[in-house]
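Containing compact mmCIF, C-alpha atoms: input_19.txt.
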# COMPACT_ATOMS: atom_id res chain seq x y z
CA MET A 1 -3.61 31.46 3.42
CA SER A 2 -7.06 31.84 4.97
CA GLN A 3 -8.73 29.43 7.36
CA PRO A 4 -10.11 26.38 5.52
CA GLY A 5 -13.85 26.14 5.03
CA LYS A 6 -13.97 22.38 5.27
CA VAL A 7 -11.71 19.39 5.92
CA LEU A 8 -12.36 15.94 4.47
CA LEU A 9 -10.83 13.06 6.42
CA MET A 10 -10.56 9.99 4.20
CA VAL A 11 -10.08 6.74 6.11
CA GLY A 12 -8.15 4.40 3.79
CA SER A 13 -8.38 1.23 5.85
CA PRO A 14 -10.47 -1.67 4.51
CA LYS A 15 -11.48 -2.19 8.16
CA GLY A 16 -13.29 1.16 8.12
CA GLU A 17 -14.63 2.22 11.51
CA LYS A 18 -12.79 -0.56 13.40
CA SER A 19 -9.35 0.50 12.23
CA THR A 20 -6.33 2.25 13.74
CA SER A 21 -6.69 4.76 10.90
CA ASN A 22 -10.16 5.61 12.14
CA SER A 23 -8.91 6.06 15.72
CA ILE A 24 -6.43 8.61 14.39
CA ALA A 25 -8.99 10.25 12.09
CA SER A 26 -11.48 10.56 14.98
CA TYR A 27 -8.88 12.35 17.09
CA ILE A 28 -8.06 14.76 14.25
CA SER A 29 -11.74 15.34 13.55
CA ARG A 30 -12.34 16.44 17.14
CA LYS A 31 -9.32 18.73 17.06
CA PHE A 32 -10.54 20.49 13.91
CA SER A 33 -13.97 20.92 15.49
CA GLU A 34 -12.33 22.49 18.55
CA ASN A 35 -10.66 24.90 16.10
CA HIS A 36 -14.12 25.71 14.67
CA VAL A 37 -13.31 24.15 11.30
CA GLU A 38 -16.02 22.07 9.62
CA VAL A 39 -14.86 18.51 9.18
CA GLU A 40 -16.32 15.42 7.52
CA LYS A 41 -15.05 11.86 7.77
CA THR A 42 -15.50 9.38 4.95
CA TYR A 43 -14.61 5.68 4.63
CA ILE A 44 -12.98 4.82 1.31
CA VAL A 45 -14.00 1.17 1.68
CA LYS A 46 -17.62 2.34 1.34
CA ASP A 47 -16.89 5.15 -1.11
CA ILE A 48 -15.54 2.89 -3.85
CA ARG A 49 -18.35 0.32 -3.81
CA SER A 50 -20.25 1.72 -6.80
CA LYS A 51 -20.12 4.44 -9.42
CA LYS A 52 -22.72 6.33 -7.43
CA SER A 53 -20.67 6.23 -4.22
CA ILE A 54 -17.54 7.27 -6.13
CA ASP A 55 -19.47 10.22 -7.56
CA ARG A 56 -20.50 11.15 -4.01
CA LEU A 57 -16.84 11.00 -2.92
CA ILE A 58 -15.84 13.31 -5.78
CA LEU A 59 -18.54 15.78 -4.69
CA LYS A 60 -17.24 15.67 -1.09
CA ILE A 61 -13.74 16.37 -2.37
CA ASN A 62 -14.92 19.24 -4.55
CA ASP A 63 -16.65 20.65 -1.48
CA SER A 64 -13.51 20.54 0.74
CA ASP A 65 -10.43 22.70 1.12
CA ILE A 66 -8.17 20.19 2.85
CA LEU A 67 -8.00 16.45 2.12
CA ILE A 68 -6.41 14.21 4.75
CA LEU A 69 -5.83 10.57 3.91
CA VAL A 70 -5.42 8.44 7.04
CA SER A 71 -4.42 4.95 6.04
CA PRO A 72 -2.62 1.76 6.97
CA LEU A 73 0.39 0.58 4.99
CA TYR A 74 -0.37 -2.48 2.87
CA VAL A 75 2.57 -4.30 1.27
CA ASP A 76 4.92 -1.28 1.40
CA SER A 77 2.34 0.94 -0.20
CA ILE A 78 -1.16 2.40 -0.25
CA PRO A 79 -3.98 -0.17 0.16
CA ALA A 80 -5.63 -1.11 -3.15
CA ILE A 81 -8.95 0.49 -2.19
CA ALA A 82 -7.27 3.85 -1.58
CA ILE A 83 -5.37 3.58 -4.88
CA LYS A 84 -8.69 3.02 -6.64
CA ALA A 85 -10.13 6.13 -4.97
CA MET A 86 -7.06 8.15 -5.95
CA GLU A 87 -7.28 6.92 -9.56
CA LYS A 88 -10.92 8.05 -9.67
CA ILE A 89 -10.20 11.41 -8.01
CA HIS A 90 -7.38 12.00 -10.49
CA GLU A 91 -9.61 11.09 -13.46
CA ASN A 92 -12.24 13.53 -12.23
CA LYS A 93 -9.93 16.38 -11.28
CA ASN A 94 -11.15 19.82 -12.21
CA ASN A 95 -10.05 23.40 -11.64
CA SER A 96 -11.44 23.38 -8.12
CA VAL A 97 -8.58 21.19 -6.87
CA GLU A 98 -6.02 23.93 -7.41
CA LYS A 99 -6.71 25.64 -4.10
CA LYS A 100 -6.92 22.42 -2.13
CA GLN A 101 -4.29 21.06 0.23
CA MET A 102 -3.56 17.44 1.02
CA MET A 103 -1.99 15.74 4.01
CA ALA A 104 -1.33 12.00 4.40
CA ILE A 105 -0.99 9.96 7.60
CA PHE A 106 0.20 6.37 7.30
CA ASN A 107 0.54 3.73 9.99
CA CYS A 108 2.26 0.36 9.71
CA GLY A 109 2.59 -2.66 11.98
CA PHE A 110 6.39 -2.56 12.01
CA PRO A 111 8.12 -0.51 14.70
CA GLU A 112 10.03 1.66 12.22
CA PRO A 113 7.85 4.50 10.89
CA HIS A 114 10.05 4.82 7.78
CA HIS A 115 8.37 1.75 6.22
CA ASN A 116 5.61 4.26 5.34
CA ASP A 117 7.87 6.62 3.41
CA LEU A 118 7.13 5.31 -0.09
CA ALA A 119 3.38 5.50 0.51
CA ILE A 120 3.85 9.14 1.47
CA ASP A 121 5.92 9.73 -1.68
CA MET A 122 3.07 8.26 -3.75
CA CYS A 123 0.55 10.55 -2.08
CA LYS A 124 2.81 13.54 -2.81
CA LYS A 125 3.03 12.44 -6.44
CA PHE A 126 -0.76 12.03 -6.58
CA ALA A 127 -1.20 15.55 -5.18
CA SER A 128 1.32 17.01 -7.60
CA LEU A 129 -0.24 15.28 -10.63
CA SER A 130 -3.72 16.34 -9.53
CA GLY A 131 -2.76 19.98 -8.91
CA ILE A 132 -3.29 19.76 -5.15
CA MET A 133 -0.89 21.53 -2.77
CA TRP A 134 1.05 19.24 -0.45
CA ALA A 135 0.49 20.13 3.20
CA GLY A 136 2.55 17.51 5.04
CA SER A 137 2.67 13.98 6.38
CA VAL A 138 2.88 11.79 9.46
CA THR A 139 4.29 8.26 9.57
CA ILE A 140 3.47 5.93 12.46
CA GLY A 141 5.06 2.62 13.44
CA MET A 142 3.42 -0.09 15.56
CA GLY A 143 0.04 1.20 14.42
CA ALA A 144 -1.70 -2.04 15.39
CA SER A 145 -1.15 -1.22 19.06
CA LEU A 146 -3.60 1.69 18.65
CA GLU A 147 -6.35 -0.41 17.11
CA GLY A 148 -9.79 0.20 18.54
CA ARG A 149 -8.43 2.60 21.17
CA SER A 150 -9.03 6.26 21.57
CA LEU A 151 -5.78 8.16 21.17
CA ASP A 152 -6.71 10.18 24.26
CA ASN A 153 -6.41 7.21 26.60
CA PHE A 154 -3.25 5.71 25.17
CA GLY A 155 -0.11 6.79 27.02
CA MET A 156 2.29 5.66 24.31
CA ALA A 157 0.60 7.99 21.82
CA LYS A 158 1.61 11.19 23.64
CA ASN A 159 4.06 12.34 20.93
CA LEU A 160 1.56 11.42 18.23
CA ARG A 161 -1.14 13.50 19.93
CA ASN A 162 1.19 16.47 20.41
CA GLY A 163 2.33 16.36 16.77
CA LEU A 164 -1.20 15.99 15.46
CA ASP A 165 -2.34 18.92 17.63
CA MET A 166 0.36 21.08 16.08
CA ALA A 167 -0.54 19.89 12.58
CA VAL A 168 -4.24 20.59 13.06
CA ASN A 169 -3.59 24.03 14.56
CA ALA A 170 -1.43 24.94 11.57
CA LEU A 171 -3.92 23.67 8.98
CA ALA A 172 -6.83 25.30 10.82
CA ASN A 173 -5.02 28.62 10.51
CA GLY A 174 -4.38 28.19 6.81
CA ASN A 175 -0.75 27.06 7.09
CA ALA A 176 1.08 23.91 6.01
CA VAL A 177 1.99 21.30 8.63
CA PRO A 178 5.21 22.46 10.36
CA LYS A 179 8.19 20.14 10.00
CA GLU A 180 8.37 19.96 13.80
CA ALA A 181 4.84 18.49 13.91
CA GLU A 182 5.81 15.86 11.36
CA ILE A 183 8.88 14.92 13.39
CA ILE A 184 7.15 14.81 16.79
CA SER A 185 4.12 12.83 15.62
CA SER A 186 6.29 10.36 13.72
CA LYS A 187 8.41 9.49 16.77
CA PRO A 188 8.22 5.75 17.53
CA LEU A 189 5.58 4.78 20.12
CA MET A 190 8.31 3.00 22.12
CA PRO A 191 12.11 2.85 21.75
CA ILE A 192 12.81 1.04 18.47
CA SER A 193 15.37 -1.35 19.95
CA ILE A 194 12.90 -2.54 22.61
CA ALA A 195 10.09 -2.85 20.05
CA LYS A 196 12.32 -4.94 17.75
CA PHE A 197 13.37 -7.22 20.59
CA VAL A 198 9.78 -7.73 21.74
CA MET A 199 8.46 -8.36 18.23
CA CYS A 200 11.21 -10.81 17.24
CA THR A 201 11.18 -12.66 20.58
CA PHE A 202 7.49 -12.71 21.47
CA GLY A 203 5.84 -12.18 18.06
CA GLY A 204 4.72 -15.80 17.82
CA ILE A 205 3.15 -15.67 21.29
CA MET A 206 1.42 -12.37 20.52
CA TRP A 207 -0.11 -13.75 17.31
CA GLY A 208 -0.89 -17.07 19.01
CA LYS A 209 -3.11 -15.28 21.53
CA GLN A 210 -5.38 -14.26 18.66
CA MET A 211 -5.69 -17.83 17.35
CA ASP A 212 -7.86 -20.72 18.45
CA LYS A 213 -6.20 -24.06 19.36
CA GLN A 214 -6.71 -25.55 15.91
CA ALA A 215 -5.30 -22.58 14.03
CA LYS A 216 -2.37 -22.28 16.46
CA LYS A 217 -1.24 -25.79 15.50
CA LYS A 218 -1.28 -24.70 11.86
CA MET A 219 0.49 -21.34 12.27
CA TYR A 220 3.50 -22.47 10.22
CA ASP A 221 1.56 -24.62 7.73
CA ARG A 222 2.42 -24.57 4.06
CA PRO A 223 -0.91 -25.21 2.35
CA TYR A 224 0.61 -24.76 -1.08
CA GLY A 225 3.25 -27.34 -0.27
CA VAL A 226 6.64 -25.85 -1.11
CA MET B 1 11.03 -23.64 -13.67
CA LYS B 2 7.78 -21.74 -13.17
CA ALA B 3 7.06 -18.10 -13.90
CA VAL B 4 3.91 -16.22 -12.92
CA ILE B 5 3.01 -13.01 -14.71
CA LEU B 6 0.64 -10.54 -13.05
CA ASN B 7 -0.54 -7.96 -15.56
CA GLY B 8 -2.06 -4.91 -13.86
CA CYS B 9 -2.84 -2.98 -17.06
CA ASN B 10 -6.19 -1.25 -17.33
CA ASP B 11 -6.80 -2.50 -20.88
CA ASP B 12 -5.38 -5.01 -23.35
CA GLU B 13 -3.57 -2.44 -25.47
CA GLY B 14 -0.38 -0.47 -24.93
CA PRO B 15 3.32 -1.16 -24.50
CA LEU B 16 3.10 -3.39 -21.44
CA ASN B 17 0.91 -5.88 -23.24
CA VAL B 18 3.45 -5.91 -26.07
CA GLY B 19 6.13 -6.42 -23.42
CA GLU B 20 4.21 -9.25 -21.83
CA ASN B 21 4.04 -11.11 -25.14
CA ILE B 22 7.79 -10.69 -25.64
CA VAL B 23 8.57 -11.94 -22.13
CA VAL B 24 6.28 -14.96 -22.52
CA GLU B 25 7.94 -15.88 -25.81
CA LYS B 26 11.42 -15.59 -24.31
CA LEU B 27 10.54 -17.63 -21.23
CA LYS B 28 8.86 -20.37 -23.24
CA LYS B 29 11.89 -20.59 -25.48
CA GLY B 30 13.92 -21.10 -22.30
CA LYS B 31 11.58 -23.98 -21.33
CA TRP B 32 9.89 -22.03 -18.57
CA GLU B 33 6.38 -22.95 -17.56
CA VAL B 34 4.50 -19.64 -17.70
CA GLU B 35 1.19 -18.78 -16.05
CA THR B 36 -0.28 -15.40 -16.93
CA PHE B 37 -3.04 -13.51 -15.13
CA GLU B 38 -4.70 -10.49 -16.70
CA LEU B 39 -5.81 -9.05 -13.39
CA ARG B 40 -8.43 -6.65 -14.77
CA ASP B 41 -10.39 -9.72 -15.97
CA GLU B 42 -9.99 -11.79 -12.79
CA LYS B 43 -12.48 -11.92 -9.94
CA ILE B 44 -10.28 -10.74 -7.07
CA ALA B 45 -11.70 -9.03 -3.99
CA THR B 46 -9.60 -6.42 -2.23
CA CYS B 47 -7.94 -7.47 1.04
CA ILE B 48 -10.21 -6.75 4.02
CA GLY B 49 -7.33 -6.57 6.52
CA CYS B 50 -8.76 -9.29 8.78
CA PHE B 51 -5.49 -11.29 9.16
CA GLY B 52 -7.62 -14.44 8.76
CA CYS B 53 -4.82 -15.81 6.54
CA TRP B 54 -2.56 -15.78 9.62
CA ILE B 55 -4.90 -16.44 12.55
CA LYS B 56 -7.84 -18.46 11.19
CA THR B 57 -6.70 -20.44 8.15
CA PRO B 58 -2.89 -20.00 8.22
CA GLY B 59 -1.49 -19.67 4.73
CA GLN B 60 -4.84 -19.24 3.00
CA CYS B 61 -6.97 -16.15 2.52
CA ILE B 62 -10.50 -16.51 3.85
CA LEU B 63 -11.85 -14.92 0.64
CA LYS B 64 -12.51 -17.75 -1.78
CA ASP B 65 -11.86 -16.26 -5.18
CA GLN B 66 -9.19 -16.14 -7.85
CA GLY B 67 -6.94 -14.19 -5.46
CA GLN B 68 -6.39 -17.40 -3.51
CA GLU B 69 -5.45 -19.33 -6.67
CA ILE B 70 -2.98 -16.65 -7.73
CA ALA B 71 -1.37 -16.59 -4.26
CA LYS B 72 -0.91 -20.36 -4.64
CA ALA B 73 0.67 -19.94 -8.08
CA VAL B 74 3.05 -17.27 -6.73
CA ALA B 75 4.04 -19.51 -3.78
CA ARG B 76 5.00 -22.24 -6.25
CA SER B 77 6.82 -19.97 -8.69
CA ASP B 78 10.52 -19.31 -9.24
CA LEU B 79 9.93 -15.99 -10.94
CA LEU B 80 7.22 -13.38 -10.41
CA ILE B 81 6.82 -10.80 -13.17
CA LEU B 82 4.75 -7.67 -12.63
CA PHE B 83 3.43 -5.35 -15.34
CA SER B 84 1.76 -2.11 -14.32
CA PRO B 85 1.10 1.41 -15.46
CA VAL B 86 3.13 3.54 -13.04
CA THR B 87 0.37 5.04 -10.93
CA PHE B 88 1.49 7.94 -8.70
CA GLY B 89 4.84 6.16 -8.67
CA GLY B 90 3.32 2.87 -7.56
CA TYR B 91 1.20 0.08 -9.02
CA SER B 92 -2.24 0.29 -10.59
CA PHE B 93 -5.30 -0.70 -8.56
CA HIS B 94 -5.56 -3.97 -10.51
CA LEU B 95 -2.04 -5.09 -9.60
CA LYS B 96 -2.15 -3.77 -6.04
CA LYS B 97 -5.41 -5.58 -5.24
CA MET B 98 -3.57 -8.85 -5.95
CA LEU B 99 -0.32 -7.95 -4.20
CA ASP B 100 -2.32 -7.10 -1.06
CA ARG B 101 -3.71 -10.65 -1.26
CA LEU B 102 -0.23 -12.23 -1.16
CA ILE B 103 0.23 -11.84 2.59
CA PRO B 104 -0.91 -15.44 3.27
CA ASN B 105 2.47 -16.40 1.79
CA LEU B 106 4.16 -14.64 4.70
CA LEU B 107 4.19 -15.76 8.32
CA PRO B 108 2.85 -13.47 11.03
CA ILE B 109 6.09 -13.73 13.00
CA PHE B 110 8.96 -11.34 12.54
CA THR B 111 12.61 -11.35 11.61
CA LYS B 112 15.26 -8.70 11.06
CA ILE B 113 16.58 -7.98 7.57
CA ASN B 114 19.40 -5.43 7.45
CA GLY B 115 18.36 -4.42 10.96
CA GLU B 116 14.75 -3.73 9.92
CA ILE B 117 11.72 -5.72 11.05
CA HIS B 118 9.94 -7.77 8.40
CA HIS B 119 7.68 -10.81 8.38
CA LYS B 120 9.22 -14.22 7.79
CA TYR B 121 8.34 -15.97 4.52
CA ARG B 122 6.14 -19.06 4.82
CA TYR B 123 7.84 -21.14 2.13
CA ASP B 124 11.39 -22.18 1.33
CA LYS B 125 10.93 -21.32 -2.32
CA LYS B 126 11.02 -17.57 -2.87
CA PRO B 127 10.45 -16.12 -6.32
CA LYS B 128 12.72 -13.63 -7.99
CA ILE B 129 10.78 -10.47 -8.82
CA LEU B 130 10.91 -8.59 -12.09
CA ALA B 131 8.71 -5.56 -12.71
CA VAL B 132 8.01 -3.41 -15.73
CA GLY B 133 6.16 -0.13 -15.35
CA HIS B 134 4.90 2.24 -18.01
CA LEU B 135 4.74 6.02 -17.91
CA HIS B 136 3.08 8.11 -20.62
CA GLU B 137 5.70 10.82 -20.10
CA SER B 138 9.11 10.73 -18.52
CA ASP B 139 8.96 11.45 -14.78
CA GLU B 140 12.10 10.82 -12.74
CA GLU B 141 10.35 10.92 -9.37
CA SER B 142 7.68 8.40 -10.43
CA GLU B 143 10.39 6.14 -11.80
CA ARG B 144 12.39 6.40 -8.56
CA ILE B 145 9.36 5.54 -6.44
CA PHE B 146 8.43 2.60 -8.69
CA LYS B 147 11.89 1.05 -8.56
CA ALA B 148 12.17 1.60 -4.80
CA LEU B 149 8.76 -0.02 -4.31
CA VAL B 150 9.75 -3.13 -6.26
CA SER B 151 12.90 -3.34 -4.17
CA ARG B 152 10.92 -3.02 -0.89
CA ASN B 153 8.44 -5.66 -2.03
CA ALA B 154 11.34 -7.99 -2.84
CA LEU B 155 12.72 -7.43 0.66
CA ASN B 156 9.37 -8.28 2.24
CA MET B 157 8.98 -11.38 0.08
CA HIS B 158 12.57 -12.41 0.82
CA SER B 159 13.11 -12.53 -2.93
CA PRO B 160 16.66 -13.53 -3.93
CA THR B 161 16.81 -11.05 -6.83
CA ASN B 162 14.74 -8.18 -8.09
CA TYR B 163 14.85 -5.94 -11.11
CA ALA B 164 12.59 -3.11 -12.23
CA GLU B 165 12.38 -1.25 -15.50
CA VAL B 166 10.19 1.71 -16.46
CA VAL B 167 9.35 2.32 -20.11
CA THR B 168 8.07 5.67 -21.34
CA GLY B 169 5.72 6.83 -24.07
CA ASP B 170 4.71 4.84 -27.13
CA MET B 171 6.60 1.58 -27.42
CA ASN B 172 6.42 -0.86 -30.25
CA ARG B 173 7.85 -4.36 -30.31
CA GLY B 174 11.12 -3.23 -31.88
CA LYS B 175 11.78 -0.65 -29.15
CA MET B 176 10.66 -2.96 -26.37
CA ILE B 177 12.84 -5.99 -27.16
CA PRO B 178 16.21 -4.42 -26.20
CA ILE B 179 14.73 -3.00 -22.99
CA LEU B 180 13.56 -6.43 -21.95
CA GLU B 181 16.94 -8.06 -22.65
CA ASN B 182 17.94 -7.46 -19.03
CA ILE B 183 14.89 -9.26 -17.82
CA GLU B 184 15.89 -12.36 -19.74
CA GLY B 185 19.29 -12.17 -18.05
CA ILE B 186 17.80 -12.03 -14.56
CA ALA B 187 15.39 -14.87 -15.29
Output the file's structure in the form of structure tokens.
Amino acid sequence: MSQPGKVLLMVGSPKGEKSTSNSIASYISRKFSENHVEVEKTYIVKDIRSKKSIDRLILKINDSDILILVSPLYVDSIPAIAIKAMEKIHENKNNSVEKKQMMAIFNCGFPEPHHNDLAIDMCKKFASLSGIMWAGSVTIGMGASLEGRSLDNFGMAKNLRNGLDMAVNALANGNAVPKEAEIISSKPLMPISIAKFVMCTFGGIMWGKQMDKQAKKKMYDRPYGV
Amino acid sequence: MKAVILNGCNDDEGPLNVGENIVVEKLKKGKWEVETFELRDEKIATCIGCFGCWIKTPGQCILKDQGQEIAKAVARSDLLILFSPVTFGGYSFHLKKMLDRLIPNLLPIFTKINGEIHHKYRYDKKPKILAVGHLHESDEESERIFKALVSRNALNMHSPTNYAEVVTGDMNRGKMIPILENIEGIA
């Protein structure tokens, strides 16, 4: 395959620019630019606000060769806003999608990256039903630890960076994401057993740090009374 | 016993709406109290991912709309029934926008289930989950994803039992009744 003309990075997080997904998308965007591939980033949370903005999203998709969805995992699956965008893209599919490729990158708060697997399967199914070629995927655990940080300055993200570099290089040269890139970038940010111990033992303290005194007292409340 | 039905259909026609009527009739015959939500008609904002339901107003979403009322109904239910067109193997937007709003019913803290990390459930009462999906044409992969998703959701909601069924093509009442027999058994 030839080098792609344009890459569209779709950030699927409702938190938009302030999200882990955007940190990852920003890193990928820079890497494509370094490979002299035109890249555009779009925020689905804004894209689905009106019919007009959905139409603009469809135009951006029609204008791109590679679609990359970068998204958090919500309730074992794709966030509702990204499902809405995918429903609309599927409804508006035309012949131009046939030469497009799609990649999906999911991050979840749990340490095990495999929580993301079903969301990836759904993206593959979306691509297949829409006539888009599947290019590959990355699944990331403990995604919340990346939030608001640049991937460049985060030591734990070394494998993720290396895998994403390989993925971008492949896509920029018209190839699918190598399996090796998927495996390297999906390696846990820290050993799973340590992450599980920390989360189960200190999870309450970690969440408590984000709460004010009043809310902390109510952490275990049952407002619906059962 | 209380049952909550979340209907994620995009319109009020089609096999799932027929199925919903059958399930409601069966449950009412069995003296169940049934609350039904046609999600396409409800004012429910999509989750904004703020975790306010864990760190600001624990147990309650900060978005004051019907999503909060439905989360309350689910917390008090014994049985949660989901209807959805199978959409890329998963749920429709209408159903997913509500399921994303159920995280107030979980606690932020973690536990291990079968060695995997999950959130703890906030309440003692945990609903069984039954789901019915509809596909226009048979598609094994979509069906596999749908059933696996229901099972994963049940794990995360600490549900004692879950069951998923996918129906295909045009379905009238006569064809639908035997398919839904299993659901009555689980309930």
Point to revise | Proximal residues of chain B relative to chain A (all atoms listed in the file; 6 Å) as a ChimeraX atom specification | key: /B:48,55-56,58,72,88-89,93,96-97,109-111,123
**Study point:** Surrounding residues of Lys99 of chain A excluding itself and chain neighbours under 3 positions, 12 Å, all atoms listed in the file, as a PyMOL selection string
**Key:** chain A and resi 1-2+4-5+61-67+94-96+102+127+130-135+174
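When the distance limit is 10 Å and all atoms listed in the file are what count, the residues near Ala3 of chain B, minus those fewer than 4 positions from it on the same chain, are Val24, Leu27, Lys28, Trp32, Glu33, Val34, Glu35, Thr36, Ala73, Val74, Arg76, Ser77, Asp78, Leu79, Leu80, Ile81, Pro127, Lys128, Ile129 and Ala187 of chain B.
In this structure, atom CA of Gly155 of chain A sits 16.6 Å away from atom CA of Ile194 of chain A.
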Point to revise | Residue nearest Lys100 of chain A - candidates A:Val7, A:Ile28, A:Ala172, A:Asn22, atoms counted: all atoms listed in the file | key: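 Smallest separation from Lys100 of chain A among the options: A:Val7.
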Check your understanding: Distance atom CA of Lys6 of chain A-atom CA of Arg49 of chain A, one decimal place?
Key ->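 Atom CA of Arg49 of chain A lies at a distance of 24.3 Å from atom CA of Lys6 of chain A.
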Check your understanding: Any idea what the distance is between atom CA of Met1 of chain B and atom CA of Arg152 of chain B?
Key ->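 Here the two named atoms are 24.3 Å from each other.
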